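To start, the structure under review is shown below, and the notes come after it.
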Amino acid sequence: MKTVIVCVSLSHGNTRRVADSMAQVLGAKVVSPEQADPAELAAADLVGFGSGVFYSRLHRDLVDFVKALPAGRGRAFVFATSGLPELPPAPFTRPLARLLEGKGFEVEGSFLCRAFDTWAPFKLVGGLNKQRPNAGDLDAARAFAERLRDGRASRS
């Protein structure tokens, strides 16, 4: 199965660590939106899209990249890392998943874990979630990837 993961990981590399953990299981290539080749994504069996959460949204570069993709079809998943928990009525990954569905992707699941966050007010106290993503988070990311690989993914 050919898999590509498009990932925006800034600040502390949290999201990249999660992407790399998933990539180990999926045998995937991890690229930034600037490095991603739309033709390679179209040829992939599965494409992942992930970033950290900024002001309750996934990173603009990732969203803009998806908006610019041509319509097509294929399997996809979305993932994110966040310093704060998401609110159930407004999951961080939902807008991107809907955008991907509008492009013809079948979104097979999403994954979210907490991560080290030094956004302005949290920087004053040394940040939130200093040890995250931790081994348990990365194990959960690998387990999610296994479910994707085996065709039984869902929201984590």
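Following the order of the structure tokens, first chain is A, next is B, and so on, with residues numbered from 1 inside each chain and ligands from 1 in the order they appear.
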Using only C-alpha atoms, which residues sit within 10 Å of Ala39 of chain A once same-chain residues fewer than 5 positions away are excluded, as a PDB file with N, CA and C atoms, in the first residue's frame?
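This went into out.pdb:
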ATOM      1  N   ALA A  44      -1.334   7.577  -4.624  1.00  0.00           N
ATOM      2  CA  ALA A  44      -1.237   6.883  -3.335  1.00  0.00           C
ATOM      3  C   ALA A  44      -2.540   6.157  -3.006  1.00  0.00           C
ATOM      4  N   LEU A  69      -5.750  21.286  -4.020  1.00  0.00           N
ATOM      5  CA  LEU A  69      -5.699  19.978  -4.660  1.00  0.00           C
ATOM      6  C   LEU A  69      -6.812  19.852  -5.693  1.00  0.00           C
ATOM      7  N   PRO A  70      -6.519  19.184  -6.803  1.00  0.00           N
ATOM      8  CA  PRO A  70      -7.598  18.927  -7.760  1.00  0.00           C
ATOM      9  C   PRO A  70      -8.562  17.891  -7.176  1.00  0.00           C
TER      10      PRO A  70
END
Using only C-alpha atoms, which residues sit within 10 Å of Val78 of chain A once same-chain residues fewer than 4 positions away are excluded, as a ChimeraX atom specification? /A:5-7,47-51,92-94,96-97,100,107-112,155
Residues of chain A in strand (DSSP E), written as an MDAnalysis selection string: chainID A and resid 3:8 29:31 46:54 57:58 74:82 105:114
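Closest to Arg17 of chain A among A:Thr81, A:Gly102, A:Pro89, A:Val53 is A:Thr81, based on only C-alpha atoms.
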What does the distance from atom CA of Leu138 of chain A to atom CA of Cys113 of chain A come to in Å, to one decimal? 8.9 Å
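If you look at atom CA of Asp64 of chain A and atom CA of Ala115 of chain A, they are 23.3 Å away from each other.
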May I ask for the distance between atom CA of Ala68 of chain A and atom CA of Pro33 of chain A, given in Å to one decimal place? 10.7 Å
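Neighbouring residues of Lys2 of chain A at 10 Å or closer, counting only C-alpha atoms and skipping chain neighbours under 4 positions away, are Leu26, Gly27, Ala28, Lys29, Glu40, Leu41, Ala43, Ala44, Asp45, Leu46 and Val47 of chain A.
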Write the selection just made, keeping N, CA, C and O atoms, as a CSV table (one decimal), in the first residue's frame?
chain,number,residue,atom,x,y,z
A,26,LEU,N,2.8,2.4,8.5
A,26,LEU,CA,2.2,2.4,7.1
A,26,LEU,C,3.2,2.4,6.0
A,26,LEU,O,2.9,2.3,4.8
A,27,GLY,N,4.5,2.4,6.3
A,27,GLY,CA,5.6,2.5,5.3
A,27,GLY,C,5.4,3.7,4.5
A,27,GLY,O,5.6,3.7,3.3
A,28,ALA,N,5.1,4.8,5.1
A,28,ALA,CA,4.7,6.1,4.5
A,28,ALA,C,5.9,7.0,4.3
A,28,ALA,O,6.8,7.0,5.1
A,29,LYS,N,5.8,7.9,3.4
A,29,LYS,CA,6.7,9.0,3.2
A,29,LYS,C,6.0,10.2,3.9
A,29,LYS,O,4.8,10.4,3.7
A,40,GLU,N,1.8,12.5,-7.0
A,40,GLU,CA,2.2,11.4,-6.0
A,40,GLU,C,1.0,11.1,-5.1
A,40,GLU,O,0.7,9.9,-4.8
A,41,LEU,N,0.3,12.1,-4.6
A,41,LEU,CA,-0.8,11.9,-3.8
A,41,LEU,C,-2.0,11.2,-4.5
A,41,LEU,O,-2.6,10.4,-3.9
A,43,ALA,N,-1.7,9.1,-6.8
A,43,ALA,CA,-1.3,7.7,-7.1
A,43,ALA,C,-1.2,6.9,-5.8
A,43,ALA,O,-1.2,5.7,-5.8
A,44,ALA,N,-1.3,7.6,-4.6
A,44,ALA,CA,-1.2,6.9,-3.3
A,44,ALA,C,-2.5,6.2,-3.0
A,44,ALA,O,-3.6,6.6,-3.4
A,45,ASP,N,-2.4,5.1,-2.3
A,45,ASP,CA,-3.6,4.3,-1.8
A,45,ASP,C,-4.2,5.0,-0.6
A,45,ASP,O,-5.4,4.9,-0.3
A,46,LEU,N,-3.4,5.7,0.2
A,46,LEU,CA,-3.8,6.4,1.4
A,46,LEU,C,-3.0,7.6,1.6
A,46,LEU,O,-1.8,7.6,1.4
A,47,VAL,N,-3.7,8.7,2.0
A,47,VAL,CA,-3.0,10.0,2.2
A,47,VAL,C,-3.4,10.5,3.6
A,47,VAL,O,-4.6,10.6,3.9
Residues near Asp139 of chain A, anyone? I mean within 10 Å using only C-alpha atoms, not counting same-chain ones fewer than 4 positions away, as a list in words. Val18, Ser21, Met22, Pro133, Asn134, Ala135, Ala143, Phe144 and Ala145 of chain A
For the residues selected in the previous step, produce a file with N, CA and C atoms as an mmCIF file, in the first residue's frame.
data_model
loop_
_atom_site.group_PDB
_atom_site.id
_atom_site.type_symbol
_atom_site.label_atom_id
_atom_site.label_comp_id
_atom_site.auth_asym_id
_atom_site.auth_seq_id
_atom_site.Cartn_x
_atom_site.Cartn_y
_atom_site.Cartn_z
ATOM 1 N N VAL A 18 4.419 12.424 15.714
ATOM 2 C CA VAL A 18 3.218 11.601 15.524
ATOM 3 C C VAL A 18 3.188 11.063 14.090
ATOM 4 N N SER A 21 5.635 8.253 13.633
ATOM 5 C CA SER A 21 5.166 7.017 14.269
ATOM 6 C C SER A 21 4.162 6.303 13.372
ATOM 7 N N MET A 22 3.250 7.073 12.782
ATOM 8 C CA MET A 22 2.275 6.478 11.855
ATOM 9 C C MET A 22 2.982 5.955 10.606
ATOM 10 N N PRO A 133 3.960 14.862 22.860
ATOM 11 C CA PRO A 133 3.424 13.521 22.917
ATOM 12 C C PRO A 133 4.423 12.581 23.581
ATOM 13 N N ASN A 134 3.898 11.709 24.413
ATOM 14 C CA ASN A 134 4.734 10.762 25.148
ATOM 15 C C ASN A 134 4.661 9.385 24.490
ATOM 16 N N ALA A 135 5.300 8.410 25.102
ATOM 17 C CA ALA A 135 5.320 7.062 24.526
ATOM 18 C C ALA A 135 3.908 6.511 24.336
ATOM 19 N N ALA A 143 -1.147 2.543 16.770
ATOM 20 C CA ALA A 143 -2.343 1.695 16.778
ATOM 21 C C ALA A 143 -3.393 2.228 15.801
ATOM 22 N N PHE A 144 -3.553 3.543 15.745
ATOM 23 C CA PHE A 144 -4.469 4.150 14.783
ATOM 24 C C PHE A 144 -4.022 3.799 13.360
ATOM 25 N N ALA A 145 -2.719 3.918 13.089
ATOM 26 C CA ALA A 145 -2.186 3.589 11.762
ATOM 27 C C ALA A 145 -2.409 2.116 11.427
#
Pick out the residues sitting within 9 Å of Lys67 of chain A, and hand them over as a ChimeraX atom specification; count only C-alpha atoms, and ignore anything fewer than 5 positions along from it in its own chain. /A:62,99-100,103
DSSP on the backbone, alpha helix (DSSP H) only: what residues of segment 11-156 of chain A does that give? Format it as a PyMOL selection string. chain A and resi 14-26+38-43+60-68+94-102+120-123+135-149
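With only C-alpha atoms as the atoms that count, the minimum distance from Phe105 of chain A to the choices A:Val31, A:Ala71, A:Leu58, A:Val4 is reached by A:Ala71.
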